[in-house]
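Coordinates as given in input-v5.tsv (TSV, C-alpha atoms):
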chain	number	residue	atom	x	y	z
R	1	MET	CA	104.88	46.89	91.91
R	2	SER	CA	106.05	50.44	92.42
R	3	GLN	CA	103.71	53.38	92.35
R	4	GLN	CA	104.61	56.70	90.93
R	5	HIS	CA	103.08	59.77	92.45
R	6	SER	CA	102.71	62.81	90.29
R	7	HIS	CA	102.73	66.29	91.72
R	8	PRO	CA	101.26	69.40	90.13
R	9	HIS	CA	104.78	70.82	89.67
R	10	ASP	CA	106.36	67.67	88.22
R	11	HIS	CA	107.73	68.13	84.74
R	12	ASP	CA	108.47	65.68	81.96
R	13	PRO	CA	112.22	64.96	82.32
R	14	SER	CA	112.56	64.95	78.53
R	15	THR	CA	111.48	68.60	78.45
R	16	PRO	CA	114.44	70.94	78.83
R	17	ALA	CA	112.29	73.77	80.25
R	18	GLU	CA	113.09	74.79	83.81
R	19	PRO	CA	110.34	74.96	86.42
R	20	ALA	CA	108.57	78.32	86.29
R	21	TRP	CA	109.30	78.94	89.95
R	22	LYS	CA	113.08	79.05	89.48
R	23	HIS	CA	112.82	82.80	88.79
R	24	ASP	CA	109.24	83.35	89.95
R	25	GLY	CA	109.37	81.36	93.20
R	26	VAL	CA	110.94	82.42	96.48
R	27	ARG	CA	112.38	85.94	96.33
R	28	VAL	CA	114.88	87.54	98.67
R	29	ILE	CA	114.84	91.33	98.84
R	30	GLY	CA	118.06	92.57	100.40
R	31	ALA	CA	118.09	95.31	103.02
R	32	GLY	CA	119.66	97.70	100.53
R	33	GLN	CA	117.02	97.00	97.87
R	34	LEU	CA	113.95	98.49	99.58
R	35	ASP	CA	111.99	100.98	97.48
R	36	SER	CA	110.98	104.41	98.84
R	37	ASN	CA	108.73	105.02	95.81
R	38	THR	CA	105.59	104.15	97.78
R	39	ALA	CA	102.71	106.00	99.45
R	40	GLN	CA	104.20	108.35	102.04
R	41	THR	CA	102.80	110.14	105.04
R	42	PRO	CA	104.45	113.29	106.43
R	43	GLY	CA	106.77	112.47	109.36
R	44	MET	CA	107.70	108.94	108.32
R	45	ASP	CA	109.76	107.10	105.73
R	46	ARG	CA	108.10	103.98	104.26
R	47	ARG	CA	110.13	101.59	102.10
R	48	ALA	CA	108.58	98.68	100.20
R	49	ALA	CA	110.18	95.25	100.19
R	50	ILE	CA	107.27	93.12	98.99
R	51	ASN	CA	104.46	94.46	96.80
R	52	PHE	CA	102.80	93.80	93.46
R	53	ALA	CA	105.21	95.96	91.45
R	54	ARG	CA	108.34	94.38	92.92
R	55	VAL	CA	107.48	90.67	93.20
R	56	GLY	CA	103.90	90.27	91.98
R	57	ALA	CA	102.39	89.99	95.48
R	58	GLN	CA	98.61	89.88	95.09
R	59	LYS	CA	97.39	89.92	98.70
R	60	LEU	CA	100.00	91.67	100.81
R	61	TRP	CA	102.46	94.54	101.08
R	62	ALA	CA	105.49	94.48	103.38
R	63	GLY	CA	108.23	96.92	104.10
R	64	THR	CA	109.80	99.12	106.72
R	65	VAL	CA	108.93	102.42	108.33
R	66	THR	CA	111.30	104.75	110.15
R	67	ILE	CA	110.22	107.70	112.28
R	68	HIS	CA	112.87	110.13	113.51
R	69	PRO	CA	113.24	110.99	117.22
R	70	ASP	CA	110.39	113.02	118.66
R	71	ALA	CA	108.58	113.01	115.29
R	72	LYS	CA	105.00	112.09	114.47
R	73	THR	CA	103.09	111.37	111.31
R	74	GLY	CA	100.08	113.25	110.12
R	75	ALA	CA	96.70	111.62	110.73
R	76	HIS	CA	95.91	109.05	108.05
R	77	HIS	CA	94.24	105.70	107.34
R	78	HIS	CA	94.86	102.89	104.87
R	79	GLY	CA	91.43	102.45	103.30
R	80	HIS	CA	90.19	98.85	103.20
R	81	LEU	CA	93.59	97.45	104.21
R	82	GLU	CA	94.50	95.80	107.50
R	83	SER	CA	97.96	96.69	108.81
R	84	VAL	CA	100.37	94.98	111.18
R	85	ILE	CA	103.34	96.87	112.61
R	86	TYR	CA	106.21	95.04	114.34
R	87	VAL	CA	108.45	97.28	116.44
R	88	ILE	CA	112.16	96.52	115.98
R	89	LYS	CA	113.74	99.45	117.79
R	90	GLY	CA	112.46	102.40	119.79
R	91	ARG	CA	109.12	103.26	121.36
R	92	ALA	CA	105.97	103.63	119.27
R	93	ARG	CA	103.01	105.65	120.47
R	94	MET	CA	99.83	105.13	118.45
R	95	ARG	CA	96.92	107.55	118.49
R	96	TRP	CA	93.65	106.67	116.79
R	97	GLY	CA	89.98	107.60	116.53
R	98	ASN	CA	87.97	110.31	114.78
R	99	GLN	CA	89.91	112.93	116.77
R	100	LEU	CA	92.90	110.72	117.65
R	101	GLU	CA	91.33	110.44	121.09
R	102	PHE	CA	92.84	107.05	122.03
R	103	THR	CA	96.49	106.15	122.63
R	104	ALA	CA	98.69	103.11	123.35
R	105	GLU	CA	102.44	102.44	123.27
R	106	ALA	CA	104.52	99.55	121.98
R	107	GLY	CA	108.21	98.67	122.19
R	108	PRO	CA	110.67	96.24	120.60
R	109	GLY	CA	109.08	92.85	119.91
R	110	ASP	CA	105.50	94.19	120.15
R	111	PHE	CA	102.97	93.91	117.33
R	112	ILE	CA	100.36	96.59	116.54
R	113	TYR	CA	97.19	95.84	114.55
R	114	VAL	CA	95.41	98.65	112.69
R	115	PRO	CA	91.97	97.77	111.25
R	116	PRO	CA	90.67	99.18	107.93
R	117	TYR	CA	89.64	102.85	107.77
R	118	VAL	CA	90.77	103.67	111.34
R	119	PRO	CA	92.21	107.20	111.47
R	120	HIS	CA	95.56	106.97	113.25
R	121	GLN	CA	98.90	108.62	113.87
R	122	GLU	CA	102.26	107.04	114.61
R	123	ILE	CA	104.49	108.89	117.05
R	124	ASN	CA	108.09	108.25	118.02
R	125	ALA	CA	107.76	108.45	121.81
R	126	SER	CA	111.54	108.85	122.23
R	127	PRO	CA	113.19	112.28	121.96
R	128	THR	CA	116.56	110.66	121.14
R	129	GLU	CA	116.10	107.23	119.50
R	130	VAL	CA	114.91	106.41	115.97
R	131	LEU	CA	111.75	104.26	115.80
R	132	GLU	CA	112.19	101.36	113.36
R	133	CYS	CA	109.36	99.01	112.42
R	134	VAL	CA	108.38	96.33	109.92
R	135	LEU	CA	105.02	96.96	108.31
R	136	CYS	CA	102.69	94.46	106.56
R	137	ARG	CA	99.39	95.21	104.84
R	138	SER	CA	96.64	93.02	103.41
R	139	ASP	CA	97.06	94.00	99.74
R	140	GLY	CA	99.85	94.11	97.15
R	141	GLU	CA	99.57	97.88	96.69
R	142	ALA	CA	100.14	100.47	99.40
R	143	VAL	CA	97.29	102.81	100.29
R	144	ALA	CA	97.79	105.84	102.55
R	145	ILE	CA	95.04	108.45	102.81
R	146	ASN	CA	96.19	111.54	104.68
R	147	LEU	CA	93.51	113.24	106.82
R	148	ASP	CA	93.01	116.78	108.00
R	149	ILE	CA	91.46	116.26	111.44
R	150	GLU	CA	91.62	118.24	114.65
R	151	PRO	CA	93.10	116.00	117.37
R	152	VAL	CA	91.93	116.13	120.96
R	153	GLU	CA	94.43	117.76	123.29
R	154	LYS	CA	94.89	114.82	125.69
R	155	PRO	CA	94.03	111.39	124.29
R	156	ALA	CA	92.60	108.67	126.52
R	157	THR	CA	95.16	105.96	127.30
R	158	VAL	CA	94.16	102.43	126.30
R	159	LEU	CA	96.03	99.72	128.18
R	160	TRP	CA	97.98	97.14	126.19
R	161	VAL	CA	96.33	93.84	127.18
R	162	ASP	CA	97.96	90.58	126.09
R	163	ALA	CA	99.55	87.46	127.58
R	164	THR	CA	102.53	89.47	128.79
R	165	HIS	CA	100.37	92.26	130.20
R	166	PRO	CA	97.19	90.45	131.39
R	167	HIS	CA	96.11	93.45	133.49
R	168	GLY	CA	97.20	95.99	130.92
R	169	GLY	CA	100.38	97.96	130.49
R	170	VAL	CA	101.43	101.07	128.74
Structure re-expressed in structure tokens:
Amino acid sequence: MSQQHSHPHDHDPSTPAEPAWKHDGVRVIGAGQLDSNTAQTPGMDRRAAINFARVGAQKLWAGTVTIHPDAKTGAHHHGHLESVIYVIKGRARMRWGNQLEFTAEAGPGDFIYVPPYVPHQEINASPTEVLECVLCRSDGEAVAINLDIEPVEKPATVLWVDATHPHGGV
């Protein structure tokens, strides 16, 4: 006796309708199809790949950010969203805090986590090389709230502590 297992996405073979996910399933967004019509912060260029408007994403936003050599963004935060930045090329310097009083650096292959509501600033630490990153956020819509804060003159360095840098590194 053979058993047939039904799956939630099985369809009656007599029905000519195609599965809904043929056009609404996996989506590939080509490198040349990123959208710059997204929340911007002075000093950086954000481009959306995945968001609610483009693919119907409900719980995340993903795209790229480019910061020109020796440039820095204005101070900002992303409201209730969590952010993850993956550095592809260049050297990122992050400043954060109520007066941007803390700093850390990251290079190619490093991940940066930014919690909700944390005032921060991205800086391209290189005077000659473009900083290129992939950016993911915990909602389908981008939120960027620019801040007018007075930064401290010399931020306190916070060591990068992880498996590769167990005693901290900059």
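Here CA of Leu81 (chain R) is placed at a distance of 26.3 Å from CA of Gly32 (chain R).
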Who sits within 7 Å of Ala62 (chain R), only C-alpha atoms, same chain under 6 positions skipped, as a PyMOL selection string
chain R and resi 48-51+135-137
Min atom-atom distance to Arg27 (chain R) from the set R:Val152, R:Ala106, R:Ala57, R:Ile67, counting only C-alpha atoms, belongs to R:Ala57
Would you please work out which residue, of R:Pro69, R:Tyr113, R:Gly74, R:Val134, is nearest to Ile149 (chain R) when using all atoms listed in the file?
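Closest to Ile149 (chain R) of all the choices is R:Gly74.
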Between R:Thr128, R:Gln58, R:Thr103, R:Asn98, which has the minimum distance to Asp148 (chain R) (counting all atoms listed in the file)?
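Residue with the minimum atom-to-atom distance to Asp148 (chain R): R:Asn98.
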Atom-to-atom span, CA of Ala92 (chain R) and CA of Gly140 (chain R), Å
24.8 Å
Restricting the calculation to all atoms listed in the file, which member of R:Pro108, R:Gly97, R:Pro127, R:Gly25 is positioned closest to His76 (chain R)?
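The closest residue to His76 (chain R) is R:Gly97.
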Can you tell me, as a short mmCIF file (atom, residue, chain, number, x, y, z; two decimals) with C-alpha atoms, in the frame of the given file, what residues are no more than 10 Å from Val65 (chain R) when counting all atoms listed in the file, ignoring any on the same chain fewer than 6 positions away?
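Result file is selection-v2.cif:
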data_model
loop_
_atom_site.label_atom_id
_atom_site.label_comp_id
_atom_site.auth_asym_id
_atom_site.auth_seq_id
_atom_site.Cartn_x
_atom_site.Cartn_y
_atom_site.Cartn_z
CA SER R 36 110.98 104.41 98.84
CA GLN R 40 104.20 108.35 102.04
CA MET R 44 107.70 108.94 108.32
CA ASP R 45 109.76 107.10 105.73
CA ARG R 46 108.10 103.98 104.26
CA ARG R 47 110.13 101.59 102.10
CA ALA R 48 108.58 98.68 100.20
CA ILE R 85 103.34 96.87 112.61
CA TYR R 86 106.21 95.04 114.34
CA VAL R 87 108.45 97.28 116.44
CA LEU R 131 111.75 104.26 115.80
CA GLU R 132 112.19 101.36 113.36
CA CYS R 133 109.36 99.01 112.42
CA VAL R 134 108.38 96.33 109.92
CA LEU R 135 105.02 96.96 108.31
#
Just checking: using only C-alpha atoms, which residue out of R:Gly79, R:Gly107, R:Gly63, R:Pro115 ends up closest to Glu129 (chain R)?
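The shortest atom-to-atom distance to Glu129 (chain R) comes from R:Gly107.
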Since fewer atoms than expected are present, regenerate N, CA, C and O atoms for region 29-55 of chain R and write them as a compact mmCIF listing (two decimals), in the coordinates of the input.
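Produced file rebuild-v3.txt, reproduced below:
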# COMPACT_ATOMS: atom_id res chain seq x y z
N ILE R 29 114.64 89.91 99.08
CA ILE R 29 114.84 91.33 98.84
C ILE R 29 115.83 91.80 99.90
O ILE R 29 115.52 91.81 101.09
N GLY R 30 117.02 92.15 99.47
CA GLY R 30 118.06 92.57 100.40
C GLY R 30 117.73 93.88 101.08
O GLY R 30 116.97 94.71 100.55
N ALA R 31 118.34 94.09 102.23
CA ALA R 31 118.09 95.31 103.02
C ALA R 31 118.36 96.57 102.21
O ALA R 31 117.67 97.57 102.37
N GLY R 32 119.33 96.54 101.32
CA GLY R 32 119.66 97.70 100.53
C GLY R 32 118.81 97.86 99.28
O GLY R 32 119.04 98.78 98.49
N GLN R 33 117.84 96.97 99.08
CA GLN R 33 117.02 97.00 97.87
C GLN R 33 115.59 97.49 98.10
O GLN R 33 114.76 97.40 97.22
N LEU R 34 115.30 98.01 99.30
CA LEU R 34 113.95 98.49 99.58
C LEU R 34 113.66 99.75 98.77
O LEU R 34 114.56 100.54 98.49
N ASP R 35 112.40 99.93 98.39
CA ASP R 35 111.99 100.98 97.48
C ASP R 35 111.21 102.07 98.22
O ASP R 35 110.16 101.79 98.80
N SER R 36 111.68 103.31 98.17
CA SER R 36 110.98 104.41 98.84
C SER R 36 109.91 105.03 97.94
O SER R 36 109.19 105.93 98.36
N ASN R 37 109.75 104.52 96.72
CA ASN R 37 108.73 105.02 95.81
C ASN R 37 107.39 104.36 96.14
O ASN R 37 106.88 103.53 95.40
N THR R 38 106.84 104.71 97.30
CA THR R 38 105.59 104.15 97.78
C THR R 38 104.80 105.26 98.47
O THR R 38 105.33 106.34 98.68
N ALA R 39 103.54 104.99 98.79
CA ALA R 39 102.71 106.00 99.45
C ALA R 39 103.39 106.47 100.73
O ALA R 39 103.81 105.66 101.55
N GLN R 40 103.52 107.78 100.87
CA GLN R 40 104.20 108.35 102.04
C GLN R 40 103.22 109.18 102.85
O GLN R 40 102.24 109.69 102.34
N THR R 41 103.55 109.30 104.12
CA THR R 41 102.80 110.14 105.04
C THR R 41 103.81 111.08 105.70
O THR R 41 104.88 110.62 106.09
N PRO R 42 103.50 112.37 105.81
CA PRO R 42 104.45 113.29 106.43
C PRO R 42 104.90 112.81 107.80
O PRO R 42 104.09 112.36 108.61
N GLY R 43 106.22 112.86 108.07
CA GLY R 43 106.77 112.47 109.36
C GLY R 43 107.33 111.07 109.41
O GLY R 43 107.88 110.64 110.41
N MET R 44 107.20 110.31 108.32
CA MET R 44 107.70 108.94 108.32
C MET R 44 108.31 108.61 106.97
O MET R 44 108.05 109.27 105.97
N ASP R 45 109.13 107.57 106.97
CA ASP R 45 109.76 107.10 105.73
C ASP R 45 109.38 105.64 105.53
O ASP R 45 109.85 104.77 106.26
N ARG R 46 108.48 105.36 104.58
CA ARG R 46 108.10 103.98 104.26
C ARG R 46 108.95 103.48 103.11
O ARG R 46 109.18 104.20 102.15
N ARG R 47 109.38 102.22 103.18
CA ARG R 47 110.13 101.59 102.10
C ARG R 47 109.54 100.21 101.83
O ARG R 47 109.41 99.41 102.74
N ALA R 48 109.21 99.95 100.58
CA ALA R 48 108.58 98.68 100.20
C ALA R 48 109.63 97.61 99.96
O ALA R 48 110.65 97.84 99.31
N ALA R 49 109.37 96.43 100.48
CA ALA R 49 110.18 95.25 100.19
C ALA R 49 109.38 94.31 99.29
O ALA R 49 109.85 93.85 98.26
N ILE R 50 108.14 94.05 99.70
CA ILE R 50 107.27 93.12 98.99
C ILE R 50 106.00 93.86 98.59
O ILE R 50 105.29 94.38 99.44
N ASN R 51 105.72 93.89 97.29
CA ASN R 51 104.46 94.46 96.80
C ASN R 51 104.21 93.91 95.40
O ASN R 51 104.99 93.12 94.87
N PHE R 52 103.13 94.32 94.79
CA PHE R 52 102.80 93.80 93.46
C PHE R 52 103.86 94.20 92.43
O PHE R 52 104.35 93.38 91.67
N ALA R 53 104.26 95.47 92.45
CA ALA R 53 105.21 95.96 91.45
C ALA R 53 106.56 95.26 91.54
O ALA R 53 107.19 95.00 90.52
N ARG R 54 107.01 94.94 92.75
CA ARG R 54 108.34 94.38 92.92
C ARG R 54 108.40 92.87 92.72
O ARG R 54 109.33 92.36 92.14
N VAL R 55 107.41 92.14 93.26
CA VAL R 55 107.48 90.67 93.20
C VAL R 55 106.18 90.03 92.74
O VAL R 55 106.08 88.81 92.72
